[in-house]
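First the structure, in the form of structure tokens, and then the observations on it.
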Amino acid sequence: MTALPVSTVPNPNEAPVLRWGILGPGWIADRFAESLAKNSTQQVVAVASRSGDRAAEFAGHHSLPTSYGSYGALLADPDIDIVYIATPHTEHHTNALASIAAGKHVLVEKPLAVDASRAAEIGAAGAEAGVFVGEAMWTKFLPKFDVLRQIVDNGVLGPIRTVLVDHGEYFTTDHRIYDPALAGGPLLDLGTYDASFVHAVLGVPESIIAVGQPANDELNGQVSAVLSHTGGNHSVMNTTILSNTPTSATICGRDGTLTIEGPFFMPGSFTVTLRSGEKLEYREDKGVQVDGLHYAAVDAARAIGEGRLESSVHTIEDAVQTLAIIDAIRRQLGITDGPFAR
């Protein structure tokens, strides 16, 4: 092999332009709006918050023409084509169903819901209403992951036997990730990246063995899991809010190994080392959310323009199956109450 494949991700500026409304003017919404303005022709035209002042402040910062002091007011706006839901995890299900009922296309910040069953309900509601529903698992839409998929699909690494993936960040106890009422802990914030990566490479696991470490009396702080997939192939994932970890990922096949330097889930480089000793590098500047969140939005715009109700890069079933992995881990750790109870 003399060269890696090139990205086939289309030019973001060539997608149909949609008018976006944002529910929830928080940290990720701020970066989403900035990413769309910087890297695409998509138009964010309104924002809504339960606080009118907060919405107005966000609108002023991003030069948006409209702000609303309620979610319902934004959903009633006929000039909005699609809603980006950036509220806390625990509100995704309710907000997505309300947006769908209002006839809006929706792109929900990951995770799509707090569990697989609620995520499936969102997908089913969108299909019945004939509107697009997507989960903004932004990593999967990055150009480097398009190249990675080609490498795996083309058999460059041979049969994949092992996947190793890690995402840990240290958080102080005043961060919302420590709030049990908001489905805190590492799994839904950081572990979704791990579970999605494992699922994308090796598919649905046949069995999972997980162990956890508490952060305090109310919350899990760290999870490690070994997953067994078809043919006995293994994946190993770790996620924690108790320390900073390498945040790297490795795909190991019979004929080669693909290593993504940390943070694996953001724009950046990776290396393919073949069994012969030959090394090939995918080179890309390191980036952060502002450099990549627009790809999921542009993919949604393209799908809607083509009359599709979900992404071909990251389907609703992908989102549901990723959450099913997290559900299984959570059950093993006894995390079944609070926002996870039904």
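Identifiers for the structure tokens are assigned positionally: chains receive A, B, ... in sequence, residues are indexed from 1 per chain, and ligands are indexed from 1 in the order shown.
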Residues within 10 Å of Asp337 of chain A, only C-alpha atoms, excluding chain neighbours under 3 positions, as a VMD selection string: chain A and resid 180 to 181 183 334 340 to 342
Expected answer as number ranges by chain: strand (DSSP E) residues in segment 3-173 of chain A: A: 19-23, 43-48, 66-68, 82-85, 105-109, 133-136, 160-168
Please extract the residues of segment 53-194 of chain A with a backbone DSSP assignment of alpha helix (DSSP H) and present them as a PyMOL selection string. chain A and resi 53-61+71-75+92-101+116-129+143-153+186+192-194
Between A:Ala76, A:Val9, A:Leu190, A:Ala86, which residue has the minimum interatomic distance to Thr245 of chain A, considering only C-alpha atoms?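 Checking each candidate against Thr245 of chain A, we get A:Leu190 as the closest.
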Quick one: everything within 6 Å of segment 59-68 of chain A, counting only C-alpha atoms, minus sequence neighbours fewer than 4 positions away in the same chain. Send it as a ChimeraX atom specification. /A:45-48,55
Proximity to Arg31 of chain A - best of A:Ala319, A:Leu293, A:Leu309, A:Ala328, only C-alpha atoms: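 Under the stated criterion, the closest residue is A:Leu293.
Atom CA of Ser49 of chain A sits 6.3 Å away from atom CA of Tyr71 of chain A.
Shell of Gln321 of chain A at 9 Å, with only C-alpha atoms counted and residues fewer than 2 places along the chain excluded, is Ala116, Ser196, His199, Gly203, Val204, Ile316, Glu317, Asp318, Ala319, Leu323, Ala324, Ile325 and Ile326 of chain A.
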If you measure from atom CA of Ala136 of chain A to atom CA of Gly307 of chain A, what distance in Å do you get, rounded to one decimal?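 Those two atoms sit 18.8 Å apart.
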With a distance cut-off of 9 Å and only C-alpha atoms, select the neighbouring residues of Val106 of chain A, excluding the residue or stretch itself and same-chain residues fewer than 2 positions from it, and output the selection as a short mmCIF file (atom, residue, chain, number, x, y, z; two decimals) with C-alpha atoms, in the first residue's frame.
data_model
loop_
_atom_site.label_atom_id
_atom_site.label_comp_id
_atom_site.auth_asym_id
_atom_site.auth_seq_id
_atom_site.Cartn_x
_atom_site.Cartn_y
_atom_site.Cartn_z
CA ASP A 81 -36.71 24.53 9.21
CA ILE A 82 -34.77 22.48 11.74
CA VAL A 83 -34.14 22.54 15.48
CA TYR A 84 -30.81 21.79 17.13
CA ILE A 85 -31.55 20.48 20.62
CA ALA A 96 -37.29 16.17 20.44
CA SER A 99 -40.15 19.57 17.97
CA ILE A 100 -41.31 16.65 15.85
CA LYS A 104 -39.71 20.48 12.63
CA VAL A 108 -30.28 16.30 18.79
CA GLY A 126 -39.81 11.30 13.35
CA VAL A 131 -39.34 14.69 9.43
CA PHE A 132 -35.59 14.20 9.69
CA VAL A 133 -34.19 13.04 13.01
CA GLY A 134 -30.48 12.85 13.73
CA GLU A 135 -28.07 12.52 16.61
CA ALA A 300 -28.56 16.76 8.03
#
